[in-house]
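Undergrad: Have a look at this one before I ask anything.
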Amino acid sequence: MADIVLDTQSAPSAPSAGTIVVYPETTTLQMVSRDSNGRYQTFGDVANQSTTAQAYTTSEIYVTGSALTVPAHGLQVGARCSWRVVATKTAGTGAPIWRLYKGTLGTTGDTIIGTLTQASAPTSVADTAIYDIQAVLRNTGAAGVMLFSLYMTHVLQITGFSQLPANVQQVAATAFDTTASGLIIGLSVNYQTAGAGNIEQVTAKLDNC
């Protein structure tokens, strides 16, 4: 049985018209193509996930499994970070605060670039919720901006995680340098007053990159 061994490499120059270059990149160790227009496409999503429940209380926590490592060639216009978070609560009346982080640590030691505070405050009743969260890059360079959005729905209608059946929010994130090396993009949450429960499941992916 023959093996094919390829060395990872940094981003090559854009090839001539009508051709693409395919190579394994150095950060995610995934195959990437680059076309004659200079646009990249990673083969398969850059992904992450949680494998156990993560407890929360009243303090901010970096969401385990939410950290997405940006390929070495960096972000490009239209890059999409998507997260699905399943959470349960046993108590808590403070409106959850979700924050979008960028940096090189994958912790709350990174830089906050977006904040969304849930529109409707919870009640103390136990409940289960699903959060679908996205950040889409609108432009690249030293002042790149992502649109940070959130959709939340839950089992109960007017109690538990929210006094509304669903919450929908969006904000333009603070500009940041999309060309910086070693970028990681991830989420934190703070359930605030009397918050108690678990983040049961997290799936995350970065595509169009």
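The way I read the labels, and the way they are meant: chains A, B, ... in the order of the structure tokens, residue 1 as the first residue of every chain, and ligand 1 as the first ligand shown, with later ones counted on from there.
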What are the closest atom pairs, with distances in Å to one decimal, for all residues of stretch 13-74 of chain A lying within 7 Å of stretch 203-207 of chain A? Consider only C-alpha atoms, order rows by chain and residue number, and present the result as a tab-separated table.
TA:
```
residue	atom	partner	partner_atom	distance
A:Asp45	CA	A:Asp207	CA	5.3
A:Val46	CA	A:Leu206	CA	5.0
A:Ala47	CA	A:Lys205	CA	4.2
A:Asn48	CA	A:Ala204	CA	5.0
A:Gln49	CA	A:Thr203	CA	4.4
A:Ser50	CA	A:Thr203	CA	6.7
A:Gly65	CA	A:Thr203	CA	6.8
A:Ser66	CA	A:Ala204	CA	5.7
A:Leu68	CA	A:Leu206	CA	6.6
```
Undergrad: For the residues selected in the previous step, produce a file with N, CA, C and O atoms as a CSV table (one decimal), in the first residue's frame.
TA:
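And here is the file that came out, out_23.csv:
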```csv
chain,number,residue,atom,x,y,z
A,45,ASP,N,-15.2,21.9,6.5
A,45,ASP,CA,-15.3,23.0,7.4
A,45,ASP,C,-14.2,23.0,8.5
A,45,ASP,O,-13.8,21.9,8.9
A,46,VAL,N,-13.7,24.1,8.9
A,46,VAL,CA,-12.9,24.2,10.1
A,46,VAL,C,-14.0,24.1,11.2
A,46,VAL,O,-14.9,24.9,11.3
A,47,ALA,N,-13.8,23.2,12.1
A,47,ALA,CA,-14.9,22.9,13.1
A,47,ALA,C,-14.4,22.7,14.5
A,47,ALA,O,-13.2,22.4,14.7
A,48,ASN,N,-15.3,22.8,15.4
A,48,ASN,CA,-15.0,22.5,16.8
A,48,ASN,C,-16.3,22.0,17.5
A,48,ASN,O,-17.4,22.2,16.9
A,49,GLN,N,-16.2,21.5,18.7
A,49,GLN,CA,-17.4,21.0,19.4
A,49,GLN,C,-17.1,20.7,20.8
A,49,GLN,O,-15.9,20.6,21.2
A,50,SER,N,-18.1,20.7,21.6
A,50,SER,CA,-17.9,20.2,23.0
A,50,SER,C,-18.2,18.7,23.1
A,50,SER,O,-19.0,18.2,22.3
A,65,GLY,N,-15.6,24.5,23.2
A,65,GLY,CA,-16.0,24.0,21.9
A,65,GLY,C,-16.3,25.1,20.9
A,65,GLY,O,-16.6,24.8,19.8
A,66,SER,N,-16.3,26.4,21.3
A,66,SER,CA,-16.7,27.5,20.4
A,66,SER,C,-15.5,28.1,19.7
A,66,SER,O,-15.7,28.8,18.7
A,68,LEU,N,-12.8,28.8,17.2
A,68,LEU,CA,-12.5,28.4,15.8
A,68,LEU,C,-11.2,29.0,15.3
A,68,LEU,O,-11.0,30.2,15.4
```
Undergrad: Based on the backbone DSSP call, show me all residues of stretch 2-182 of chain A assigned strand (DSSP E or B), as number ranges by chain.
TA: A: 9, 20-25, 31-35, 40-42, 46-49, 54-56, 61-62, 68-69, 80-91, 97-103, 111-117, 127-137, 144, 146-154, 166-172, 176
Undergrad: Using only C-alpha atoms, which of A:Met146, A:Ala121, A:Val85, A:Ala173 sits nearest A:Glu200?
TA: A:Val85
Undergrad: Kindly indicate which residue among A:Ser16, A:Thr140, A:Thr88, A:Gln9 lies nearest to A:Ile199, using only C-alpha atoms for the distances.
TA: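 Nearest to A:Ile199: A:Thr88.
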Undergrad: If we count only C-alpha atoms, what is near stretch 91-93 of chain A at a cut-off of 12 Å, once residues fewer than 6 positions away on the same chain are taken out, given as number ranges by chain?
TA: A: 56-59, 118, 120-128, 159-163, 190-198
Undergrad: Next, dump the selected residues to file, keeping only C-alpha atoms, as a PDB file, in the first residue's frame.
TA:
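The result, stored in result_31.pdb:
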```pdb
ATOM      1  CA  TYR A  56     -22.394  28.008  34.300  1.00  0.00           C
ATOM      2  CA  THR A  57     -23.254  30.202  37.274  1.00  0.00           C
ATOM      3  CA  THR A  58     -23.242  34.002  37.463  1.00  0.00           C
ATOM      4  CA  SER A  59     -19.843  34.701  35.883  1.00  0.00           C
ATOM      5  CA  GLN A 118     -30.726  38.993  25.301  1.00  0.00           C
ATOM      6  CA  SER A 120     -36.063  39.506  27.040  1.00  0.00           C
ATOM      7  CA  ALA A 121     -34.973  38.616  30.563  1.00  0.00           C
ATOM      8  CA  PRO A 122     -35.506  35.061  31.861  1.00  0.00           C
ATOM      9  CA  THR A 123     -37.598  33.955  34.790  1.00  0.00           C
ATOM     10  CA  SER A 124     -36.389  31.515  37.435  1.00  0.00           C
ATOM     11  CA  VAL A 125     -38.234  28.542  35.892  1.00  0.00           C
ATOM     12  CA  ALA A 126     -36.207  25.615  34.516  1.00  0.00           C
ATOM     13  CA  ASP A 127     -36.043  25.454  30.717  1.00  0.00           C
ATOM     14  CA  THR A 128     -34.065  24.331  27.667  1.00  0.00           C
ATOM     15  CA  THR A 159     -41.170  31.909  31.033  1.00  0.00           C
ATOM     16  CA  GLY A 160     -37.887  30.099  31.629  1.00  0.00           C
ATOM     17  CA  PHE A 161     -35.077  31.295  29.359  1.00  0.00           C
ATOM     18  CA  SER A 162     -37.146  34.203  28.037  1.00  0.00           C
ATOM     19  CA  GLN A 163     -40.505  35.908  28.385  1.00  0.00           C
ATOM     20  CA  ASN A 190     -22.687  35.356  31.167  1.00  0.00           C
ATOM     21  CA  TYR A 191     -26.071  34.256  32.541  1.00  0.00           C
ATOM     22  CA  GLN A 192     -25.819  36.870  35.311  1.00  0.00           C
ATOM     23  CA  THR A 193     -28.238  37.051  38.262  1.00  0.00           C
ATOM     24  CA  ALA A 194     -28.665  33.674  39.998  1.00  0.00           C
ATOM     25  CA  GLY A 195     -27.670  31.901  36.784  1.00  0.00           C
ATOM     26  CA  ALA A 196     -27.423  28.126  37.164  1.00  0.00           C
ATOM     27  CA  GLY A 197     -27.441  25.410  34.541  1.00  0.00           C
ATOM     28  CA  ASN A 198     -25.407  23.743  31.824  1.00  0.00           C
TER      29      ASN A 198
END
```
